[in-house]
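Enquirer: Pasting a structure here, questions to come.
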Amino acid sequence: MSQTQLATPPRAIGLAGAVLININAAIGAGIFALPALLYAGAGSFAPVAIIGFALAYACLASIVAKLSTMFEQSGGPQLYAEHVFGRFVGFQVGWFVVCANFAGRAANFHVLVAYLAALFPVFGGDVVRPVTVIALIALTTLVTVMGMRRTIGAMWVGTVLKLSPILLLTIYGLATTGVPAGVSLPEFSQVESIAILLAYAFSGVGLSAISAGETKAPTTTIYRSIFLSLGFVAVLYAMIQLAYAGTAIPQADSDIPLAAMGEALFGQAGITMISLAAIFSIATNQLAGFLVIPRVLFGMGRRGLLPPVFAHVSPRFQTPSMAIVFFGSVVAALAASGTFAELATMLVASEQIFIIACILALIILWRRGEGRVAQSMGVRWYAIIAVAGIGTIWMTLQVSLDAALSTGMLAGVGTLLYVLARAGTREGEATRFVG
């Protein structure tokens with residue numbers, strides 16, 4: 001491998017950048033449908049449910065946050081699994097993380113263009129629509145290749161443009177309609193659906209752990225960023241839910257709750273405002289994914305789980321350019337072919353796999369007493385791990401049998417790829433435990 005390929009990207013992500021990544025990973029398209037779904041299940045109790053779930057979710061976030069204090073390399077769950085369970089399990093976890101994002105990112109670009117077409121019908125044409133999808137994927141890939149600081153800067157602009165209309169709508173709604181006077185508990189039968197919705201809403205707040213190799217003081221920065229992001233997202237969701245509960249929304253518009261709320265408060269200008277916010281929200285969510293997920297491929301390339309080309313660092317931009325271009329190319333191919341929908345159905349259980357890997361990795365490291373783990377993990381961690389474990393088991397039981405079988409098939413493909421990849425790779429650098 002050449003010296004260029006052995007180069008390491010600079011540590012350009014500070015605490016604010018890590019928080020920005022997490023917030024944009026959590027807040028994408030879902031926020032524009034979530035208020036109506038939560039209101040249907042929990043009514044005026046939904047804001048309380050959001051805060052309560054955030055406290056429970058903090059136990060799961062604590063697992064990733066704690067693991068992030070023990071490593072300084074990129075990879076996140078893939079790295080943790082590789083260090084504790086070995087190269088094969090590490091490869092499989094990385095394979096699931098990346099494949100889930102291949103499908104999800106391809107689907108979200110279609111959603112993004114659908115929002116563009118709603119405002120500008122020209123983007124809805126049979127030819128223009130797919131061309132726009134590919135052009136946006138190419139642009140996102142180019143931005144992330146051109147440097148970490150440029151990408152973070154673009155995310156700051158997009159985040160301001162997406163949150164400003166939402167915050168304006170929320171604050172104005174609370175000021176004009178007030179907070180709902182009464183709170184009624186949801187029916188027990190609704191608790192399950194509410195929990196699934198909220199689990200989806202908070203997923204992503206730990207994404208910054210994957211890019212630890214390009215983060216300043218990663219063992220403290222990522223830990224803090226996870227909890228700051230979780231708190232911000234929880235408060236934002238609760239405020240939006242309070243404002244939505246106090247605004248009279250026609251039942252026919254419940255599938256577009258924020259747009260309907262915007263129309264109720266500001267008329268047609270409100271619809272346009274929220275539609276623009278949705279475009280920027282999905283765009284920054286995509287940018288966060290393209291910024292971080294290729295670092296899984298990059299880390300696997302450096303540690304010899306993938307061919308050396310994935311470990312290449314651009315001499316000009318100081319980014320893992322080949323990993324980013326590969327990621328963007330696969331997303332573009334899936335988006336153009338439409339096969340992302342089939343792949344997405346195969347990956348319903350994938351997130352649970354790397355969550356389980358993280359929980360088990362932390363338990364094993366704790367039992368081994370490696371580094372500072374034994375000294376810093378007291379009795380409270382029994383409760384934290386128990387809550388995280390119970391929640392993960394419950395979420396895993398919600399996975400359908402078809403999805404589980406399909407995910408098992410995907411694991412079989414990953415095994416074949418591991419064997420093939422190992423035939424053409426080298427040992428690479430070792431995982432470095434600094435905990």
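If you're wondering about the labels, chains in the structure tokens are A, B, ... by order shown, residues count from 1 in each chain, ligands from 1 in order shown.
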Using only C-alpha atoms, determine which residues lie at most 10 Å from Ala323 of chain A, disregarding the query and same-chain residues fewer than 5 positions distant; provide the list as a list in words.

Expert: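 Answer for this query is Val145, Ile293, Pro294, Arg295, Val296, Leu297, Phe298, Gly299, Gly301, Val309, Phe310, Ala311, His312, Val313, Gly328 and Ser329 of chain A.
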
Enquirer: For the selection just defined, write its residues with C-alpha atoms to a file, as a PDB file, in the first residue's frame.

Expert:
```pdb
ATOM      1  CA  VAL A 145     -15.426  14.190  -0.921  1.00  0.00           C
ATOM      2  CA  ILE A 293     -21.310   5.879   6.785  1.00  0.00           C
ATOM      3  CA  PRO A 294     -18.391   5.677   4.284  1.00  0.00           C
ATOM      4  CA  ARG A 295     -16.124   5.890   7.363  1.00  0.00           C
ATOM      5  CA  VAL A 296     -17.270   2.343   8.169  1.00  0.00           C
ATOM      6  CA  LEU A 297     -15.889   1.214   4.801  1.00  0.00           C
ATOM      7  CA  PHE A 298     -12.759   3.302   5.365  1.00  0.00           C
ATOM      8  CA  GLY A 299     -12.136   1.795   8.794  1.00  0.00           C
ATOM      9  CA  GLY A 301     -10.234  -0.990   4.654  1.00  0.00           C
ATOM     10  CA  VAL A 309      -8.528   0.875  -1.986  1.00  0.00           C
ATOM     11  CA  PHE A 310     -11.157   1.631   0.671  1.00  0.00           C
ATOM     12  CA  ALA A 311      -8.406   2.993   2.938  1.00  0.00           C
ATOM     13  CA  HIS A 312      -7.331   5.583   0.363  1.00  0.00           C
ATOM     14  CA  VAL A 313      -7.230   9.206   1.544  1.00  0.00           C
ATOM     15  CA  GLY A 328     -22.442   7.130  -3.532  1.00  0.00           C
ATOM     16  CA  SER A 329     -22.162   4.882  -6.585  1.00  0.00           C
TER      17      SER A 329
END
```

Enquirer: Check which residues of segment 50-90 of chain A sit at most 12 Å from segment 356-375 of chain A using only C-alpha atoms, and return one row each with the closest pair of atoms and their distance in Å to one decimal, ordered by chain and rising number, as JSON lines.

Expert:
```
{"residue": "A:Cys59", "atom": "CA", "partner": "A:Ile359", "partner_atom": "CA", "distance": 10.6}
{"residue": "A:Leu60", "atom": "CA", "partner": "A:Ile359", "partner_atom": "CA", "distance": 8.3}
{"residue": "A:Ala61", "atom": "CA", "partner": "A:Cys358", "partner_atom": "CA", "distance": 10.4}
{"residue": "A:Ser62", "atom": "CA", "partner": "A:Ile359", "partner_atom": "CA", "distance": 9.9}
{"residue": "A:Ile63", "atom": "CA", "partner": "A:Ile359", "partner_atom": "CA", "distance": 6.3}
{"residue": "A:Val64", "atom": "CA", "partner": "A:Cys358", "partner_atom": "CA", "distance": 6.7}
{"residue": "A:Ala65", "atom": "CA", "partner": "A:Cys358", "partner_atom": "CA", "distance": 10.3}
{"residue": "A:Lys66", "atom": "CA", "partner": "A:Leu362", "partner_atom": "CA", "distance": 8.0}
{"residue": "A:Leu67", "atom": "CA", "partner": "A:Leu362", "partner_atom": "CA", "distance": 6.7}
{"residue": "A:Ser68", "atom": "CA", "partner": "A:Leu362", "partner_atom": "CA", "distance": 10.4}
{"residue": "A:Thr69", "atom": "CA", "partner": "A:Val373", "partner_atom": "CA", "distance": 9.5}
{"residue": "A:Met70", "atom": "CA", "partner": "A:Val373", "partner_atom": "CA", "distance": 8.4}
{"residue": "A:Phe71", "atom": "CA", "partner": "A:Gly371", "partner_atom": "CA", "distance": 11.3}
{"residue": "A:Gly76", "atom": "CA", "partner": "A:Cys358", "partner_atom": "CA", "distance": 9.1}
{"residue": "A:Pro77", "atom": "CA", "partner": "A:Cys358", "partner_atom": "CA", "distance": 6.1}
{"residue": "A:Gln78", "atom": "CA", "partner": "A:Ala357", "partner_atom": "CA", "distance": 8.7}
{"residue": "A:Leu79", "atom": "CA", "partner": "A:Cys358", "partner_atom": "CA", "distance": 9.8}
{"residue": "A:Tyr80", "atom": "CA", "partner": "A:Ala361", "partner_atom": "CA", "distance": 6.6}
{"residue": "A:Ala81", "atom": "CA", "partner": "A:Ala357", "partner_atom": "CA", "distance": 6.1}
{"residue": "A:Glu82", "atom": "CA", "partner": "A:Ala361", "partner_atom": "CA", "distance": 9.4}
{"residue": "A:His83", "atom": "CA", "partner": "A:Ala361", "partner_atom": "CA", "distance": 8.5}
{"residue": "A:Val84", "atom": "CA", "partner": "A:Ala361", "partner_atom": "CA", "distance": 5.9}
{"residue": "A:Phe85", "atom": "CA", "partner": "A:Ala361", "partner_atom": "CA", "distance": 7.8}
{"residue": "A:Gly86", "atom": "CA", "partner": "A:Ala361", "partner_atom": "CA", "distance": 11.0}
{"residue": "A:Val89", "atom": "CA", "partner": "A:Ala357", "partner_atom": "CA", "distance": 8.9}
{"residue": "A:Gly90", "atom": "CA", "partner": "A:Ala357", "partner_atom": "CA", "distance": 9.3}
```

Enquirer: The selected residues should be written to file as a PDB file, in the first residue's frame (atoms: C-alpha atoms).

Expert:
```
ATOM      1  CA  CYS A  59     -29.913   3.917  28.499  1.00  0.00           C
ATOM      2  CA  LEU A  60     -29.377   2.597  24.980  1.00  0.00           C
ATOM      3  CA  ALA A  61     -27.527   5.780  23.999  1.00  0.00           C
ATOM      4  CA  SER A  62     -25.341   5.289  27.079  1.00  0.00           C
ATOM      5  CA  ILE A  63     -24.097   1.975  25.681  1.00  0.00           C
ATOM      6  CA  VAL A  64     -22.770   3.575  22.488  1.00  0.00           C
ATOM      7  CA  ALA A  65     -21.574   6.646  24.399  1.00  0.00           C
ATOM      8  CA  LYS A  66     -19.601   4.505  26.844  1.00  0.00           C
ATOM      9  CA  LEU A  67     -18.037   2.446  24.072  1.00  0.00           C
ATOM     10  CA  SER A  68     -17.055   5.661  22.272  1.00  0.00           C
ATOM     11  CA  THR A  69     -14.821   6.590  25.229  1.00  0.00           C
ATOM     12  CA  MET A  70     -12.706   3.484  24.625  1.00  0.00           C
ATOM     13  CA  PHE A  71     -11.731   3.896  20.950  1.00  0.00           C
ATOM     14  CA  GLY A  76     -18.507   2.798  15.587  1.00  0.00           C
ATOM     15  CA  PRO A  77     -20.467  -0.456  16.133  1.00  0.00           C
ATOM     16  CA  GLN A  78     -18.390  -2.212  13.491  1.00  0.00           C
ATOM     17  CA  LEU A  79     -15.164  -1.326  15.314  1.00  0.00           C
ATOM     18  CA  TYR A  80     -16.512  -2.350  18.713  1.00  0.00           C
ATOM     19  CA  ALA A  81     -17.715  -5.704  17.395  1.00  0.00           C
ATOM     20  CA  GLU A  82     -14.409  -6.338  15.630  1.00  0.00           C
ATOM     21  CA  HIS A  83     -12.374  -5.610  18.762  1.00  0.00           C
ATOM     22  CA  VAL A  84     -14.455  -7.838  21.051  1.00  0.00           C
ATOM     23  CA  PHE A  85     -15.709 -10.635  18.785  1.00  0.00           C
ATOM     24  CA  GLY A  86     -13.094 -10.768  16.054  1.00  0.00           C
ATOM     25  CA  VAL A  89     -18.332 -10.627  13.389  1.00  0.00           C
ATOM     26  CA  GLY A  90     -16.837  -7.174  12.838  1.00  0.00           C
TER      27      GLY A  90
END
```

Enquirer: Would you please work out which residue, of A:Asn101, A:Arg149, A:Ile324, A:Ala195, is nearest to Arg11 of chain A when using only C-alpha atoms?

Expert: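 Nearest candidate to Arg11 of chain A out of A:Asn101, A:Arg149, A:Ile324, A:Ala195: A:Arg149.
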
Enquirer: Would you mind listing what lies within 12 Å of Thr8 of chain A as a list in words, with only C-alpha atoms counted and same-chain residues fewer than 5 positions away left out?

Expert: Gln3, Gln73, Ser74, Gly213, Glu214, Thr215, Arg295, Phe298, Gly299, Arg302, Ala311, His312, Val313, Ser314, Pro315, Phe317, Gln318, Thr319, Pro320 and Ser321 of chain A

Enquirer: Once you have the residues from the selection above, write them out as a PDB file, in the first residue's frame, restricted to C-alpha atoms.

Expert:
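After the write, part.pdb holds the following:
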```pdb
ATOM      1  CA  GLN A   3       2.024   6.201   1.640  1.00  0.00           C
ATOM      2  CA  GLN A  73     -10.648   4.954  15.324  1.00  0.00           C
ATOM      3  CA  SER A  74     -13.534   5.234  12.870  1.00  0.00           C
ATOM      4  CA  GLY A 213     -11.113   8.829  13.627  1.00  0.00           C
ATOM      5  CA  GLU A 214     -11.786  12.371  12.367  1.00  0.00           C
ATOM      6  CA  THR A 215     -13.069  13.811  15.644  1.00  0.00           C
ATOM      7  CA  ARG A 295     -16.124   5.890   7.363  1.00  0.00           C
ATOM      8  CA  PHE A 298     -12.759   3.302   5.365  1.00  0.00           C
ATOM      9  CA  GLY A 299     -12.136   1.795   8.794  1.00  0.00           C
ATOM     10  CA  ARG A 302      -7.554   0.224   7.060  1.00  0.00           C
ATOM     11  CA  ALA A 311      -8.406   2.993   2.938  1.00  0.00           C
ATOM     12  CA  HIS A 312      -7.331   5.583   0.363  1.00  0.00           C
ATOM     13  CA  VAL A 313      -7.230   9.206   1.544  1.00  0.00           C
ATOM     14  CA  SER A 314      -7.393  12.011  -1.020  1.00  0.00           C
ATOM     15  CA  PRO A 315      -4.130  14.002  -0.884  1.00  0.00           C
ATOM     16  CA  PHE A 317      -9.161  16.980   0.245  1.00  0.00           C
ATOM     17  CA  GLN A 318      -7.916  14.748   3.099  1.00  0.00           C
ATOM     18  CA  THR A 319     -11.054  12.606   2.975  1.00  0.00           C
ATOM     19  CA  PRO A 320     -11.565   8.845   2.413  1.00  0.00           C
ATOM     20  CA  SER A 321     -12.565   9.635  -1.150  1.00  0.00           C
TER      21      SER A 321
END
```

Enquirer: Kindly assemble as a tab-separated table a list of the segment 263-284 of chain A residues that lie within 12 Å of segment 12-29 of chain A, each paired with its nearest atom pair and their distance in Å to one decimal, using only C-alpha atoms, sorted first by chain and then by ascending residue number.

Expert:
```
residue	atom	partner	partner_atom	distance
A:Ile274	CA	A:Ala29	CA	11.6
A:Ser275	CA	A:Ala29	CA	10.9
A:Leu276	CA	A:Ala29	CA	11.9
A:Ala277	CA	A:Ala29	CA	9.9
A:Ala278	CA	A:Ala29	CA	6.6
A:Ile279	CA	A:Ala29	CA	8.6
A:Phe280	CA	A:Gly28	CA	8.8
A:Ser281	CA	A:Gly28	CA	5.2
A:Ile282	CA	A:Gly28	CA	4.8
A:Ala283	CA	A:Gly28	CA	8.0
A:Thr284	CA	A:Asn24	CA	6.1
```

Enquirer: Residues as selected, C-alpha atoms, written as a compact mmCIF listing (two decimals), in the first residue's frame, can you do that?

Expert:
```
# COMPACT_ATOMS: atom_id res chain seq x y z
CA ILE A 274 -42.88 23.68 5.80
CA SER A 275 -42.36 22.16 2.35
CA LEU A 276 -39.05 24.02 2.04
CA ALA A 277 -38.12 22.93 5.55
CA ALA A 278 -38.81 19.30 4.55
CA ILE A 279 -36.52 19.62 1.53
CA PHE A 280 -33.64 20.96 3.64
CA SER A 281 -34.35 18.46 6.41
CA ILE A 282 -34.06 15.45 4.12
CA ALA A 283 -31.06 16.96 2.34
CA THR A 284 -29.09 17.49 5.57
```

Enquirer: Identify, on the basis of only C-alpha atoms, every residue whose closest approach to Pro130 of chain A does not exceed 10 Å; exclude the query and any residue fewer than 2 positions from it along the same chain; express the result as a PDB file with N, CA and C atoms, in the first residue's frame.

Expert:
```
ATOM      1  N   PHE A 109     -33.631   9.800  -1.253  1.00  0.00           N
ATOM      2  CA  PHE A 109     -33.450  10.714  -2.385  1.00  0.00           C
ATOM      3  C   PHE A 109     -34.718  10.788  -3.232  1.00  0.00           C
ATOM      4  N   HIS A 110     -35.424   9.688  -3.348  1.00  0.00           N
ATOM      5  CA  HIS A 110     -36.705   9.718  -4.056  1.00  0.00           C
ATOM      6  C   HIS A 110     -37.725  10.557  -3.294  1.00  0.00           C
ATOM      7  N   VAL A 113     -36.894  14.302  -3.857  1.00  0.00           N
ATOM      8  CA  VAL A 113     -37.340  14.804  -5.157  1.00  0.00           C
ATOM      9  C   VAL A 113     -38.865  14.916  -5.197  1.00  0.00           C
ATOM     10  N   PHE A 123     -39.937  19.031 -11.585  1.00  0.00           N
ATOM     11  CA  PHE A 123     -39.130  17.904 -11.096  1.00  0.00           C
ATOM     12  C   PHE A 123     -39.909  16.595 -11.053  1.00  0.00           C
ATOM     13  N   GLY A 124     -41.200  16.634 -11.345  1.00  0.00           N
ATOM     14  CA  GLY A 124     -42.010  15.427 -11.311  1.00  0.00           C
ATOM     15  C   GLY A 124     -42.117  14.702 -12.625  1.00  0.00           C
ATOM     16  N   GLY A 125     -41.495  15.206 -13.668  1.00  0.00           N
ATOM     17  CA  GLY A 125     -41.574  14.571 -14.981  1.00  0.00           C
ATOM     18  C   GLY A 125     -40.912  13.212 -15.026  1.00  0.00           C
ATOM     19  N   ASP A 126     -41.343  12.375 -15.969  1.00  0.00           N
ATOM     20  CA  ASP A 126     -40.835  11.010 -16.062  1.00  0.00           C
ATOM     21  C   ASP A 126     -39.335  10.956 -16.329  1.00  0.00           C
ATOM     22  N   VAL A 127     -38.812  11.962 -17.027  1.00  0.00           N
ATOM     23  CA  VAL A 127     -37.378  12.005 -17.321  1.00  0.00           C
ATOM     24  C   VAL A 127     -36.637  12.836 -16.282  1.00  0.00           C
ATOM     25  N   VAL A 128     -37.193  13.988 -15.933  1.00  0.00           N
ATOM     26  CA  VAL A 128     -36.507  14.901 -15.019  1.00  0.00           C
ATOM     27  C   VAL A 128     -36.362  14.295 -13.623  1.00  0.00           C
ATOM     28  N   THR A 132     -32.871  14.022 -11.714  1.00  0.00           N
ATOM     29  CA  THR A 132     -32.663  14.849 -10.528  1.00  0.00           C
ATOM     30  C   THR A 132     -32.167  14.003  -9.360  1.00  0.00           C
ATOM     31  N   VAL A 133     -32.724  12.813  -9.195  1.00  0.00           N
ATOM     32  CA  VAL A 133     -32.274  11.917  -8.118  1.00  0.00           C
ATOM     33  C   VAL A 133     -30.783  11.624  -8.256  1.00  0.00           C
ATOM     34  N   ILE A 134     -30.356  11.239  -9.449  1.00  0.00           N
ATOM     35  CA  ILE A 134     -28.944  10.910  -9.672  1.00  0.00           C
ATOM     36  C   ILE A 134     -28.069  12.152  -9.502  1.00  0.00           C
ATOM     37  N   ALA A 135     -28.558  13.306  -9.974  1.00  0.00           N
ATOM     38  CA  ALA A 135     -27.786  14.545  -9.834  1.00  0.00           C
ATOM     39  C   ALA A 135     -27.601  14.913  -8.366  1.00  0.00           C
ATOM     40  N   LEU A 136     -28.625  14.733  -7.559  1.00  0.00           N
ATOM     41  CA  LEU A 136     -28.510  15.044  -6.132  1.00  0.00           C
ATOM     42  C   LEU A 136     -27.560  14.078  -5.424  1.00  0.00           C
ATOM     43  N   ALA A 335     -30.910   3.553  -6.451  1.00  0.00           N
ATOM     44  CA  ALA A 335     -31.944   4.548  -6.713  1.00  0.00           C
ATOM     45  C   ALA A 335     -32.429   4.477  -8.155  1.00  0.00           C
ATOM     46  N   ALA A 336     -31.507   4.248  -9.078  1.00  0.00           N
ATOM     47  CA  ALA A 336     -31.870   4.184 -10.491  1.00  0.00           C
ATOM     48  C   ALA A 336     -32.631   2.906 -10.832  1.00  0.00           C
ATOM     49  N   SER A 337     -32.275   1.811 -10.160  1.00  0.00           N
ATOM     50  CA  SER A 337     -32.888   0.520 -10.487  1.00  0.00           C
ATOM     51  C   SER A 337     -34.191   0.273  -9.744  1.00  0.00           C
TER      52      SER A 337
END
```

Enquirer: Where in segment 50-188 of chain A does DSSP assign helix (DSSP H, G or I), given as a VMD selection string?

Expert: chain A and resid 50 to 68 77 to 85 87 to 119 121 to 124 128 to 145 148 to 177 188

Enquirer: So what do you get for atom CA of Gly338 of chain A versus atom CA of Gly30 of chain A, distance-wise?

Expert: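 One can read the atom CA of Gly338 of chain A to atom CA of Gly30 of chain A distance as 21.0 Å.
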
Enquirer: State, in Å with one decimal place, the distance from atom CA of Leu242 of chain A to atom CA of Val179 of chain A.

Expert: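 Going from atom CA of Leu242 of chain A over to atom CA of Val179 of chain A, I get 6.2 Å.
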
Enquirer: Point out the residue among A:Ala138, A:Leu291, A:Asp402, A:Leu116 with the least atom-to-atom distance to Thr272 of chain A, counting only C-alpha atoms.

Expert: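 For Thr272 of chain A, the nearest of the candidates is A:Leu116.
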
Enquirer: Thr140 of chain A: which residues within 8 Å, counting only C-alpha atoms, same-chain residues fewer than 2 positions away excluded, as JSON, numbers by chain?

Expert: {"A": [136, 137, 138, 142, 143, 144, 286, 287, 290]}

Enquirer: Could you name the residues that touch segment 174-178 of chain A at 7 Å or less, counting only C-alpha atoms, but leaving out those on the same chain fewer than 5 positions away, as a PDB file with N, CA and C atoms, in the first residue's frame?

Expert:
```pdb
ATOM      1  N   ALA A 243     -47.492  22.041  20.303  1.00  0.00           N
ATOM      2  CA  ALA A 243     -48.090  23.008  19.382  1.00  0.00           C
ATOM      3  C   ALA A 243     -49.107  22.336  18.467  1.00  0.00           C
ATOM      4  N   GLY A 246     -52.458  21.617  20.133  1.00  0.00           N
ATOM      5  CA  GLY A 246     -53.288  22.784  20.368  1.00  0.00           C
ATOM      6  C   GLY A 246     -53.851  23.420  19.109  1.00  0.00           C
ATOM      7  N   THR A 247     -53.449  22.933  17.957  1.00  0.00           N
ATOM      8  CA  THR A 247     -53.900  23.505  16.680  1.00  0.00           C
ATOM      9  C   THR A 247     -54.960  22.600  16.065  1.00  0.00           C
TER      10      THR A 247
END
```

Enquirer: Can you list every residue of segment 299-331 of chain A that has an atom at most 12 Å from segment 406-418 of chain A, with its nearest atom pair and the distance in Å to one decimal, using only C-alpha atoms, ordered by chain then number, as CSV?

Expert:
```
residue,atom,partner,partner_atom,distance
A:Met300,CA,A:Tyr418,CA,11.3
A:Gly304,CA,A:Tyr418,CA,10.8
A:Leu305,CA,A:Tyr418,CA,7.5
A:Leu306,CA,A:Tyr418,CA,8.3
A:Pro307,CA,A:Tyr418,CA,10.9
```

Enquirer: Using N, CA and C atoms, can you export the residues from the last selection as a CSV table (one decimal), in the first residue's frame?

Expert:
```
chain,number,residue,atom,x,y,z
A,300,MET,N,-12.8,-0.3,7.8
A,300,MET,CA,-12.7,-1.7,7.5
A,300,MET,C,-11.5,-1.9,6.5
A,304,GLY,N,-8.0,-4.1,7.2
A,304,GLY,CA,-7.8,-5.3,6.4
A,304,GLY,C,-9.0,-6.1,6.2
A,305,LEU,N,-10.2,-5.6,6.5
A,305,LEU,CA,-11.5,-6.3,6.3
A,305,LEU,C,-12.0,-6.1,4.9
A,306,LEU,N,-11.5,-5.1,4.2
A,306,LEU,CA,-11.9,-4.8,2.8
A,306,LEU,C,-10.6,-4.5,2.1
A,307,PRO,N,-10.6,-4.5,0.7
A,307,PRO,CA,-9.4,-4.2,-0.1
A,307,PRO,C,-8.8,-2.9,0.3
```

Enquirer: With only C-alpha atoms as the counted atoms, please give the residues lying no more than 7 Å from Ile50 of chain A, apart from itself and same-chain residues fewer than 3 positions off, as a ChimeraX atom specification.

Expert: /A:46-47,53-54,234,238

Enquirer: Mind giving me the straight-line distance from atom CA of Gly104 of chain A to atom CA of Ala201 of chain A in Å, one decimal?

Expert: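 Going from atom CA of Gly104 of chain A over to atom CA of Ala201 of chain A, I get 14.6 Å.
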
Enquirer: Choose the residue, out of A:Met261, A:Ala212, A:Val93, A:Ile31, that has the smallest atom-to-atom separation from Pro10 of chain A; count only C-alpha atoms.

Expert: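 Of the candidates, the smallest distance to Pro10 of chain A is held by A:Ala212.
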
Enquirer: Tell me which of A:Leu334, A:Met239, A:Leu38, A:Leu401 sits closest to Ala107 of chain A, counting only C-alpha atoms.

Expert: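 The closest residue to Ala107 of chain A is A:Leu334.
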
Enquirer: Which one of A:Phe96, A:Phe88, A:Tyr223, A:Tyr57 sits closest to Ile390 of chain A if you count only C-alpha atoms?

Expert: A:Tyr57
